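Peer 1: Sharing structure13.pdb, PDB, C-alpha atoms:
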```pdb
ATOM      1  CA  MET A 129     -36.828 -26.854  37.446
ATOM      2  CA  MET A 130     -37.333 -25.704  41.035
ATOM      3  CA  LEU A 131     -38.123 -22.075  41.845
ATOM      4  CA  ASP A 132     -37.807 -22.425  45.605
ATOM      5  CA  PHE A 133     -35.247 -19.656  46.071
ATOM      6  CA  THR A 134     -33.869 -18.986  49.508
ATOM      7  CA  ASP A 135     -33.911 -15.449  50.916
ATOM      8  CA  HIS A 136     -30.187 -15.225  50.210
ATOM      9  CA  GLU A 137     -30.652 -16.268  46.573
ATOM     10  CA  LEU A 138     -33.473 -13.760  46.125
ATOM     11  CA  GLU A 139     -31.224 -11.002  47.433
ATOM     12  CA  ARG A 140     -28.152 -12.114  45.477
ATOM     13  CA  TYR A 141     -29.979 -12.407  42.148
ATOM     14  CA  SER A 142     -32.566  -9.667  42.668
ATOM     15  CA  ARG A 143     -31.299  -7.466  39.820
ATOM     16  CA  HIS A 144     -31.718 -10.360  37.416
ATOM     17  CA  ILE A 145     -35.153 -11.288  38.716
ATOM     18  CA  LEU A 146     -36.347  -7.690  38.310
ATOM     19  CA  LEU A 147     -35.786  -7.942  34.551
ATOM     20  CA  PRO A 148     -39.047  -9.031  32.852
ATOM     21  CA  GLU A 149     -37.059 -11.075  30.320
ATOM     22  CA  VAL A 150     -35.394 -13.018  33.137
ATOM     23  CA  GLY A 151     -37.623 -13.135  36.221
ATOM     24  CA  ALA A 152     -37.667 -16.061  38.603
ATOM     25  CA  THR A 153     -38.105 -18.525  35.736
ATOM     26  CA  GLY A 154     -34.996 -17.326  33.931
ATOM     27  CA  GLN A 155     -32.958 -17.315  37.118
ATOM     28  CA  GLY A 156     -34.178 -20.832  37.809
ATOM     29  CA  LYS A 157     -32.928 -21.900  34.381
ATOM     30  CA  LEU A 158     -29.512 -20.423  35.145
ATOM     31  CA  ARG A 159     -29.381 -22.240  38.464
ATOM     32  CA  SER A 160     -30.287 -25.538  36.785
ATOM     33  CA  ALA A 161     -27.750 -25.141  33.969
ATOM     34  CA  SER A 162     -24.267 -26.584  33.572
ATOM     35  CA  VAL A 163     -21.524 -24.914  31.507
ATOM     36  CA  LEU A 164     -18.067 -26.240  30.635
ATOM     37  CA  VAL A 165     -15.446 -23.534  30.032
ATOM     38  CA  ILE A 166     -12.316 -24.616  28.176
ATOM     39  CA  GLY A 167      -9.502 -22.147  28.714
ATOM     40  CA  ALA A 168      -9.267 -20.060  31.892
ATOM     41  CA  GLY A 169      -7.066 -17.308  30.464
ATOM     42  CA  GLY A 170      -7.810 -13.898  28.974
ATOM     43  CA  LEU A 171     -11.316 -14.866  27.808
ATOM     44  CA  GLY A 172     -12.056 -17.553  30.359
ATOM     45  CA  ALA A 173     -11.230 -15.396  33.385
ATOM     46  CA  PRO A 174     -13.923 -12.709  32.838
ATOM     47  CA  LEU A 175     -16.302 -15.298  31.396
ATOM     48  CA  LEU A 176     -16.029 -17.482  34.493
ATOM     49  CA  GLN A 177     -16.520 -14.515  36.811
ATOM     50  CA  GLN A 178     -19.696 -13.478  35.020
ATOM     51  CA  LEU A 179     -21.089 -17.018  34.892
ATOM     52  CA  ALA A 180     -20.486 -17.568  38.599
ATOM     53  CA  ALA A 181     -21.905 -14.182  39.573
ATOM     54  CA  SER A 182     -24.996 -14.795  37.435
ATOM     55  CA  GLY A 183     -25.789 -18.044  39.244
ATOM     56  CA  ILE A 184     -24.986 -20.790  36.721
ATOM     57  CA  GLY A 185     -25.490 -23.806  38.964
ATOM     58  CA  ARG A 186     -22.614 -25.997  37.766
ATOM     59  CA  ILE A 187     -19.430 -24.784  36.095
ATOM     60  CA  GLY A 188     -16.582 -26.919  34.775
ATOM     61  CA  ILE A 189     -13.114 -25.540  34.008
ATOM     62  CA  ILE A 190     -10.434 -27.115  31.805
ATOM     63  CA  ASP A 191      -6.973 -25.536  31.626
ATOM     64  CA  HIS A 192      -3.552 -27.188  31.822
ATOM     65  CA  ASP A 193      -1.523 -23.971  32.099
ATOM     66  CA  VAL A 194       0.016 -22.413  35.192
ATOM     67  CA  LEU A 195      -0.323 -18.697  35.884
ATOM     68  CA  GLU A 196       2.528 -16.400  34.843
ATOM     69  CA  ALA A 197       3.133 -12.759  35.760
ATOM     70  CA  SER A 198       2.456 -11.686  32.146
ATOM     71  CA  ASN A 199      -1.068 -13.141  32.407
ATOM     72  CA  LEU A 200      -2.129 -10.667  35.098
ATOM     73  CA  GLN A 201      -2.402  -7.817  32.568
ATOM     74  CA  ARG A 202      -5.677  -9.335  31.318
ATOM     75  CA  GLN A 203      -6.612 -12.426  33.339
ATOM     76  CA  VAL A 204      -8.468 -10.500  36.005
ATOM     77  CA  LEU A 205      -9.659 -13.508  37.981
ATOM     78  CA  TYR A 206      -6.195 -14.051  39.469
ATOM     79  CA  ASP A 207      -3.896 -12.407  42.022
ATOM     80  CA  THR A 208      -0.121 -12.002  42.113
ATOM     81  CA  VAL A 209       0.126 -14.681  44.831
ATOM     82  CA  ASP A 210      -1.404 -17.188  42.375
ATOM     83  CA  ILE A 211       1.628 -17.131  40.045
ATOM     84  CA  GLY A 212       2.976 -20.635  39.460
ATOM     85  CA  ARG A 213      -0.282 -22.437  40.267
ATOM     86  CA  TYR A 214      -2.653 -24.160  37.839
ATOM     87  CA  LYS A 215      -5.179 -21.670  36.513
ATOM     88  CA  ALA A 216      -8.045 -24.162  36.691
ATOM     89  CA  ASP A 217      -7.457 -24.846  40.390
ATOM     90  CA  VAL A 218      -7.069 -21.167  41.275
ATOM     91  CA  ALA A 219     -10.097 -20.197  39.194
ATOM     92  CA  ALA A 220     -12.221 -22.775  40.999
ATOM     93  CA  GLU A 221     -11.119 -21.414  44.375
ATOM     94  CA  HIS A 222     -11.897 -17.816  43.428
ATOM     95  CA  LEU A 223     -15.296 -18.732  41.996
ATOM     96  CA  ARG A 224     -16.261 -20.679  45.115
ATOM     97  CA  ARG A 225     -15.506 -17.589  47.165
ATOM     98  CA  LEU A 226     -17.424 -15.382  44.753
ATOM     99  CA  ASN A 227     -20.504 -17.605  44.844
ATOM    100  CA  PRO A 228     -20.486 -20.510  47.327
ATOM    101  CA  LEU A 229     -23.921 -21.623  46.100
ATOM    102  CA  LEU A 230     -22.438 -23.204  42.970
ATOM    103  CA  ASN A 231     -20.867 -26.528  42.072
ATOM    104  CA  ILE A 232     -17.434 -25.788  40.569
ATOM    105  CA  GLU A 233     -15.267 -28.520  38.997
ATOM    106  CA  ALA A 234     -11.736 -28.175  37.596
ATOM    107  CA  TRP A 235      -9.405 -30.251  35.414
ATOM    108  CA  THR A 236      -5.711 -29.365  35.030
ATOM    109  CA  GLU A 237      -5.382 -31.433  31.860
ATOM    110  CA  ARG A 238      -4.945 -30.490  28.221
ATOM    111  CA  ALA A 239      -8.254 -30.435  26.352
ATOM    112  CA  GLY A 240      -7.615 -33.580  24.311
ATOM    113  CA  GLN A 241     -10.209 -35.666  22.531
ATOM    114  CA  ALA A 242     -10.461 -38.304  25.276
ATOM    115  CA  LEU A 243     -11.128 -35.705  27.977
ATOM    116  CA  LEU A 244     -13.651 -33.858  25.810
ATOM    117  CA  ASP A 245     -15.499 -37.078  24.970
ATOM    118  CA  ARG A 246     -15.669 -37.874  28.680
ATOM    119  CA  LEU A 247     -16.841 -34.469  29.897
ATOM    120  CA  LEU A 248     -19.003 -32.907  27.180
ATOM    121  CA  PRO A 249     -22.000 -35.242  27.587
ATOM    122  CA  GLY A 250     -22.376 -34.067  31.190
ATOM    123  CA  TYR A 251     -22.755 -30.362  30.387
ATOM    124  CA  ASP A 252     -25.538 -28.366  28.769
ATOM    125  CA  LEU A 253     -23.335 -25.882  26.954
ATOM    126  CA  ILE A 254     -19.649 -25.503  26.039
ATOM    127  CA  CYS A 255     -17.473 -22.363  25.931
ATOM    128  CA  ASP A 256     -14.192 -22.148  24.032
ATOM    129  CA  GLY A 257     -11.734 -19.547  25.300
ATOM    130  CA  THR A 258      -8.579 -21.253  24.010
ATOM    131  CA  ASP A 259      -5.864 -19.518  22.019
ATOM    132  CA  ASN A 260      -4.956 -21.769  19.082
ATOM    133  CA  PHE A 261      -6.772 -23.001  15.993
ATOM    134  CA  GLN A 262      -6.012 -26.683  16.492
ATOM    135  CA  THR A 263      -7.654 -26.820  19.922
ATOM    136  CA  ARG A 264     -10.619 -24.760  18.730
ATOM    137  CA  VAL A 265     -11.251 -27.225  15.903
ATOM    138  CA  LEU A 266     -10.934 -30.162  18.309
ATOM    139  CA  ILE A 267     -13.482 -28.582  20.670
ATOM    140  CA  SER A 268     -15.806 -27.757  17.789
ATOM    141  CA  ASP A 269     -15.684 -31.309  16.435
ATOM    142  CA  ALA A 270     -16.440 -32.671  19.915
ATOM    143  CA  SER A 271     -19.392 -30.268  20.233
ATOM    144  CA  VAL A 272     -20.764 -31.513  16.911
ATOM    145  CA  LYS A 273     -20.235 -35.121  17.959
ATOM    146  CA  HIS A 274     -22.071 -34.654  21.261
ATOM    147  CA  ASP A 275     -24.749 -32.236  19.959
ATOM    148  CA  LYS A 276     -23.729 -29.340  22.187
ATOM    149  CA  THR A 277     -24.075 -25.598  21.656
ATOM    150  CA  LEU A 278     -20.632 -23.969  21.518
ATOM    151  CA  VAL A 279     -19.934 -20.338  22.452
ATOM    152  CA  SER A 280     -16.612 -19.438  20.840
ATOM    153  CA  GLY A 281     -14.567 -16.289  21.386
ATOM    154  CA  ALA A 282     -11.133 -15.046  20.329
ATOM    155  CA  VAL A 283      -9.021 -11.910  20.695
ATOM    156  CA  GLN A 284      -5.926 -10.866  18.778
ATOM    157  CA  GLY A 285      -4.281  -7.499  19.337
ATOM    158  CA  PHE A 286      -7.125  -4.968  19.411
ATOM    159  CA  SER A 287      -9.671  -7.179  17.638
ATOM    160  CA  GLY A 288     -12.129  -9.676  19.056
ATOM    161  CA  GLN A 289     -14.636 -12.084  17.585
ATOM    162  CA  LEU A 290     -17.571 -14.070  18.904
ATOM    163  CA  ALA A 291     -19.924 -16.723  17.527
ATOM    164  CA  VAL A 292     -22.441 -19.229  18.881
ATOM    165  CA  PHE A 293     -22.590 -22.553  17.041
ATOM    166  CA  ARG A 294     -25.656 -24.815  17.353
ATOM    167  CA  PRO A 295     -24.853 -27.944  15.311
ATOM    168  CA  GLN A 296     -27.627 -29.918  16.999
ATOM    169  CA  ARG A 297     -30.114 -27.563  15.333
ATOM    170  CA  GLY A 298     -28.593 -27.998  11.884
ATOM    171  CA  GLY A 299     -26.376 -24.936  12.140
ATOM    172  CA  PRO A 300     -22.737 -24.514  11.149
ATOM    173  CA  CYS A 301     -19.708 -25.296  13.283
ATOM    174  CA  TYR A 302     -16.336 -23.616  13.764
ATOM    175  CA  ARG A 303     -14.831 -25.792  11.027
ATOM    176  CA  CYS A 304     -17.512 -24.537   8.594
ATOM    177  CA  LEU A 305     -16.380 -20.972   9.311
ATOM    178  CA  PHE A 306     -12.642 -21.667   9.240
ATOM    179  CA  PRO A 307     -12.076 -24.766   7.071
ATOM    180  CA  GLU A 308      -8.287 -24.218   7.047
ATOM    181  CA  ALA A 309      -8.008 -23.579  10.780
ATOM    182  CA  GLU A 310      -6.535 -26.967  11.616
ATOM    183  CA  THR A 311      -3.381 -26.206   9.603
ATOM    184  CA  THR A 312      -3.139 -22.502  10.449
ATOM    185  CA  GLU A 313      -0.852 -21.007  13.078
ATOM    186  CA  ALA A 314      -2.414 -18.087  14.947
ATOM    187  CA  PRO A 315      -0.295 -15.318  16.487
ATOM    188  CA  THR A 316      -0.074 -15.664  20.257
ATOM    189  CA  CYS A 317      -0.348 -13.000  22.939
ATOM    190  CA  GLY A 318       3.278 -13.731  23.747
ATOM    191  CA  ASN A 319       4.598 -12.806  20.315
ATOM    192  CA  ALA A 320       1.973 -10.355  19.002
ATOM    193  CA  GLY A 321       0.569  -8.677  22.118
ATOM    194  CA  VAL A 322      -3.041  -8.100  23.154
ATOM    195  CA  LEU A 323      -5.060  -5.279  24.682
ATOM    196  CA  GLY A 324      -5.993  -6.607  28.102
ATOM    197  CA  ALA A 325      -9.379  -4.903  28.316
ATOM    198  CA  ALA A 326     -10.356  -6.346  24.916
ATOM    199  CA  THR A 327     -10.327  -9.847  26.386
ATOM    200  CA  GLY A 328     -12.633  -8.601  29.145
ATOM    201  CA  VAL A 329     -15.100  -7.288  26.571
ATOM    202  CA  ILE A 330     -15.240 -10.498  24.546
ATOM    203  CA  GLY A 331     -15.236 -12.714  27.646
ATOM    204  CA  SER A 332     -18.196 -10.785  29.058
ATOM    205  CA  LEU A 333     -20.023 -10.953  25.725
ATOM    206  CA  MET A 334     -19.496 -14.714  25.756
ATOM    207  CA  ALA A 335     -21.206 -14.812  29.166
ATOM    208  CA  VAL A 336     -24.140 -12.843  27.753
ATOM    209  CA  GLU A 337     -24.500 -15.369  24.939
ATOM    210  CA  VAL A 338     -24.389 -18.252  27.422
ATOM    211  CA  MET A 339     -27.231 -16.690  29.405
ATOM    212  CA  ARG A 340     -29.221 -15.971  26.244
ATOM    213  CA  GLU A 341     -28.940 -19.623  25.268
ATOM    214  CA  ILE A 342     -29.869 -20.984  28.684
ATOM    215  CA  MET A 343     -32.864 -18.668  29.079
ATOM    216  CA  GLU A 344     -33.841 -19.162  25.408
ATOM    217  CA  LEU A 345     -34.082 -15.455  24.707
ATOM    218  CA  GLU A 346     -35.072 -14.207  21.261
ATOM    219  CA  GLY A 347     -32.702 -13.597  18.355
ATOM    220  CA  ARG A 348     -31.054 -17.016  18.288
ATOM    221  CA  ASP A 349     -32.350 -18.160  14.899
ATOM    222  CA  GLN A 350     -29.118 -17.520  12.975
ATOM    223  CA  THR A 351     -25.424 -18.121  13.541
ATOM    224  CA  LYS A 352     -23.506 -14.873  13.262
ATOM    225  CA  LEU A 353     -19.843 -14.001  13.607
ATOM    226  CA  MET A 354     -19.408 -10.702  15.433
ATOM    227  CA  ILE A 355     -16.129  -8.832  14.957
ATOM    228  CA  TRP A 356     -15.284  -5.978  17.323
ATOM    229  CA  ASP A 357     -12.408  -3.546  16.718
ATOM    230  CA  ALA A 358     -11.199  -1.721  19.827
ATOM    231  CA  LEU A 359      -9.051   0.704  17.810
ATOM    232  CA  SER A 360     -11.919   2.060  15.726
ATOM    233  CA  GLY A 361     -14.648   1.327  18.257
ATOM    234  CA  THR A 362     -16.726  -0.447  15.607
ATOM    235  CA  THR A 363     -18.625  -3.710  15.471
ATOM    236  CA  ARG A 364     -19.726  -5.674  12.449
ATOM    237  CA  SER A 365     -21.278  -9.087  11.967
ATOM    238  CA  PHE A 366     -22.246 -11.497   9.234
ATOM    239  CA  VAL A 367     -24.296 -14.661   8.993
ATOM    240  CA  VAL A 368     -22.436 -17.987   8.941
ATOM    241  CA  THR A 369     -23.993 -20.912   7.079
ATOM    242  CA  ARG A 370     -23.288 -24.611   7.266
ATOM    243  CA  ASP A 371     -20.730 -25.946   4.798
ATOM    244  CA  PRO A 372     -22.224 -29.084   3.188
ATOM    245  CA  ALA A 373     -18.682 -30.388   2.621
ATOM    246  CA  CYS A 374     -17.598 -29.874   6.245
ATOM    247  CA  THR A 375     -16.066 -33.138   7.470
ATOM    248  CA  ALA A 376     -17.288 -32.596  11.058
ATOM    249  CA  HIS A 377     -20.877 -33.212   9.942
ATOM    250  CA  LEU A 378     -20.243 -36.387   7.956
ATOM    251  CA  PRO A 379     -21.580 -39.571   9.592
ATOM    252  CA  GLU A 380     -18.205 -41.314   9.532
ATOM    253  CA  SER A 381     -16.591 -38.426  11.477
ATOM    254  CA  HIS A 382     -18.741 -39.362  14.472
TER
END
```
Can the structure from this file be put into structure tokens for me?
Peer 2:
Amino acid sequence: MMLDFTDHELERYSRHILLPEVGATGQGKLRSASVLVIGAGGLGAPLLQQLAASGIGRIGIIDHDVLEASNLQRQVLYDTVDIGRYKADVAAEHLRRLNPLLNIEAWTERAGQALLDRLLPGYDLICDGTDNFQTRVLISDASVKHDKTLVSGAVQGFSGQLAVFRPQRGGPCYRCLFPEAETTEAPTCGNAGVLGAATGVIGSLMAVEVMREIMELEGRDQTKLMIWDALSGTTRSFVVTRDPACTAHLPESH
């Protein structure tokens, strides 16, 4: 890891470097890191903004959807003129303008198993901001297969949840937490609604967890599911343990 920051980098990231827990070493770790974000919608939009602003050196974006007017209520990375374009392409353009020091890559394909198997080995950490159980399970299984830490977030209505899975360290995966997820249909924003600002909260918290992982900050010894309720303004969390019967961890599943 190189700590040869330019004057521009020192100015841009000065508020990070001033933090004793971050410093030049932590900022150097962020610059050297690579993060793949799957889903550039309500969660992915604020997450990507925070990752790019923080100086994550290489960011990948997977999203096959095009932007619609109804997305603009919560997907704050985009403008009205972007309607009809692929989110991944537009997100990459916006992030390059936000921080031209970074390497930004985009794929306008569905996050299928073949694409995940091709891309995951090239990234340090994976973020799941998708909106259906089937894709979340697919991403989780791929993270287990390729020994990658997975930061997973979700929002429904006024409620959000967040967890960090570290299967490579013997921890649980998303399938351990939701064993029936693969056959469950989740309500969508289109038919159930969602508080726009709630996605910004969870997306930003996902970015915090990414930075905690990259900089190896304390408090990462357990896997916890955090649930935040915007209506009541309360947060609760509980420890998630590995399910010994989880099929994602069986040798033949790899």
Peer 1: Using only C-alpha atoms, what table do you get, as a Markdown table, when you list each residue of region 176-216 of chain A with an atom no more than 8 Å from region 162-165 of chain A, its nearest pair of atoms, and their distance in Å rounded to one decimal, rows by chain then rising number?
Peer 2:
```
| residue | atom | partner | partner_atom | distance |
| --- | --- | --- | --- | --- |
| A:Leu176 | CA | A:Val165 | CA | 7.5 |
| A:Ile184 | CA | A:Ser162 | CA | 6.6 |
| A:Gly185 | CA | A:Ser162 | CA | 6.2 |
| A:Arg186 | CA | A:Ser162 | CA | 4.5 |
| A:Ile187 | CA | A:Val163 | CA | 5.0 |
| A:Gly188 | CA | A:Leu164 | CA | 4.5 |
| A:Ile189 | CA | A:Val165 | CA | 5.0 |
| A:Ile190 | CA | A:Val165 | CA | 6.4 |
```
Peer 1: Which distance in Å separates CA of His192 (chain A) and CA of Ser160 (chain A), to one decimal?
Peer 2: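 If I compute the distance from CA of His192 (chain A) to CA of Ser160 (chain A), I get 27.2 Å.
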Peer 1: Convert the output of the PyMOL selection byres ((chain A and resi 293) around 6) on the shown file into explicit residues, formatted as a ChimeraX atom specification.
Peer 2: /A:277-278,292,294,301
Peer 1: In Å, how far is it from CA of Lys157 (chain A) to CA of Leu171 (chain A)?
Peer 2: 23.7 Å
Peer 1: For Ala242 (chain A), please output as an NGL selection string all residues within 12 Å (counting all atoms listed in the file; exclusion window: fewer than 6 positions along the same chain).
Peer 2: :A and (248 or 266-267 or 270)
Peer 1: For Gly288 (chain A), find every residue with an atom within 6 Å (counting only C-alpha atoms), except residues of its own chain fewer than 6 positions away, and show them as a list in words.
Peer 2: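 So the residues in contact are Ala282, Ile355 and Trp356 of chain A.
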Peer 1: Please, could you write that set of residues out with C-alpha atoms as an mmCIF file, in the coordinates of the input?
Peer 2:
```cif
data_model
loop_
_atom_site.group_PDB
_atom_site.id
_atom_site.type_symbol
_atom_site.label_atom_id
_atom_site.label_comp_id
_atom_site.auth_asym_id
_atom_site.auth_seq_id
_atom_site.Cartn_x
_atom_site.Cartn_y
_atom_site.Cartn_z
ATOM 1 C CA ALA A 282 -11.133 -15.046 20.329
ATOM 2 C CA ILE A 355 -16.129 -8.832 14.957
ATOM 3 C CA TRP A 356 -15.284 -5.978 17.323
#
```
Peer 1: Counting all atoms listed in the file, find residues at most 10 Å from (-9.6, -14.4, 21.4) (file frame) and give them as a tab-separated table (two decimals) with C-alpha atoms, keeping the file's coordinate frame.
Peer 2:
```
chain	number	residue	atom	x	y	z
A	169	GLY	CA	-7.07	-17.31	30.46
A	170	GLY	CA	-7.81	-13.90	28.97
A	171	LEU	CA	-11.32	-14.87	27.81
A	172	GLY	CA	-12.06	-17.55	30.36
A	256	ASP	CA	-14.19	-22.15	24.03
A	257	GLY	CA	-11.73	-19.55	25.30
A	258	THR	CA	-8.58	-21.25	24.01
A	259	ASP	CA	-5.86	-19.52	22.02
A	260	ASN	CA	-4.96	-21.77	19.08
A	280	SER	CA	-16.61	-19.44	20.84
A	281	GLY	CA	-14.57	-16.29	21.39
A	282	ALA	CA	-11.13	-15.05	20.33
A	283	VAL	CA	-9.02	-11.91	20.70
A	284	GLN	CA	-5.93	-10.87	18.78
A	285	GLY	CA	-4.28	-7.50	19.34
A	286	PHE	CA	-7.12	-4.97	19.41
A	287	SER	CA	-9.67	-7.18	17.64
A	288	GLY	CA	-12.13	-9.68	19.06
A	289	GLN	CA	-14.64	-12.08	17.58
A	290	LEU	CA	-17.57	-14.07	18.90
A	316	THR	CA	-0.07	-15.66	20.26
A	317	CYS	CA	-0.35	-13.00	22.94
A	322	VAL	CA	-3.04	-8.10	23.15
A	326	ALA	CA	-10.36	-6.35	24.92
A	327	THR	CA	-10.33	-9.85	26.39
A	330	ILE	CA	-15.24	-10.50	24.55
A	331	GLY	CA	-15.24	-12.71	27.65
```
Peer 1: Which value, in Å to one decimal, gives the distance between CA of Leu253 (chain A) and CA of Val204 (chain A)?
Peer 2: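 Taking CA of Leu253 (chain A) and CA of Val204 (chain A), their separation equals 23.2 Å.
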Peer 1: Name every residue that the PyMOL selection byres ((chain A and resi 296) around 8) selects in this structure, writing the answer as an NGL selection string with chains first and numbers rising.
Peer 2: :A and (272 or 275-277 or 294-295 or 297-299)
Peer 1: Need to verify the contact set: region 304-309 of chain A, 9 Å, all atoms listed in the file, exclusion of same-chain residues closer than 2 positions in sequence. Can you return it as a VMD selection string?
Peer 2: chain A and resid 261 to 262 264 to 265 300 to 302 311 to 314 353 368 to 376
Peer 1: Do you know which residues are at most 10 Å from region 205-212 of chain A counting all atoms listed in the file, after dropping those on the same chain fewer than 2 positions away, and could you put them as a list in words?
Peer 2: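 Surrounding residues, per the criterion: Ala168, Gly169, Gly170, Gly172, Ala173, Pro174, Leu175, Leu176, Gln177, Asp193, Val194, Leu195, Glu196, Ala197, Ser198, Asn199, Leu200, Arg202, Gln203, Tyr214, Lys215, Asp217, Val218, Ala219, His222 and Leu223 of chain A.
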Peer 1: Under the rule that only C-alpha atoms are counted, which of A:Arg364, A:Ala181, A:Val338, A:Ala216 is the nearest residue to Glu237 (chain A)?
Peer 2: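 Nearest to Glu237 (chain A): A:Ala216.
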Peer 1: If I only have part of region 320-335 of chain A, can you fill in N, CA and C atoms and write it as a tab-separated table (two decimals), keeping the file's coordinate frame?
Peer 2:
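Now in out01.tsv:
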```
chain	number	residue	atom	x	y	z
A	320	ALA	N	2.65	-11.42	19.74
A	320	ALA	CA	1.97	-10.36	19.00
A	320	ALA	C	1.36	-9.30	19.91
A	321	GLY	N	1.18	-9.62	21.19
A	321	GLY	CA	0.57	-8.68	22.12
A	321	GLY	C	-0.95	-8.70	22.06
A	322	VAL	N	-1.59	-8.16	23.10
A	322	VAL	CA	-3.04	-8.10	23.15
A	322	VAL	C	-3.46	-7.00	24.12
A	323	LEU	N	-4.50	-6.28	23.78
A	323	LEU	CA	-5.06	-5.28	24.68
A	323	LEU	C	-5.83	-5.99	25.78
A	324	GLY	N	-5.40	-5.84	27.01
A	324	GLY	CA	-5.99	-6.61	28.10
A	324	GLY	C	-7.49	-6.42	28.23
A	325	ALA	N	-7.95	-5.17	28.15
A	325	ALA	CA	-9.38	-4.90	28.32
A	325	ALA	C	-10.22	-5.52	27.20
A	326	ALA	N	-9.61	-5.74	26.02
A	326	ALA	CA	-10.36	-6.35	24.92
A	326	ALA	C	-10.79	-7.76	25.26
A	327	THR	N	-9.93	-8.49	25.99
A	327	THR	CA	-10.33	-9.85	26.39
A	327	THR	C	-11.49	-9.80	27.37
A	328	GLY	N	-11.51	-8.75	28.21
A	328	GLY	CA	-12.63	-8.60	29.14
A	328	GLY	C	-13.94	-8.35	28.43
A	329	VAL	N	-13.89	-7.57	27.35
A	329	VAL	CA	-15.10	-7.29	26.57
A	329	VAL	C	-15.64	-8.56	25.94
A	330	ILE	N	-14.78	-9.29	25.24
A	330	ILE	CA	-15.24	-10.50	24.55
A	330	ILE	C	-15.63	-11.58	25.55
A	331	GLY	N	-14.87	-11.74	26.63
A	331	GLY	CA	-15.24	-12.71	27.65
A	331	GLY	C	-16.60	-12.43	28.25
A	332	SER	N	-16.89	-11.15	28.51
A	332	SER	CA	-18.20	-10.78	29.06
A	332	SER	C	-19.30	-11.00	28.04
A	333	LEU	N	-19.02	-10.70	26.77
A	333	LEU	CA	-20.02	-10.95	25.72
A	333	LEU	C	-20.30	-12.44	25.58
A	334	MET	N	-19.28	-13.27	25.77
A	334	MET	CA	-19.50	-14.71	25.76
A	334	MET	C	-20.46	-15.12	26.87
A	335	ALA	N	-20.30	-14.51	28.05
A	335	ALA	CA	-21.21	-14.81	29.17
A	335	ALA	C	-22.64	-14.41	28.84
```
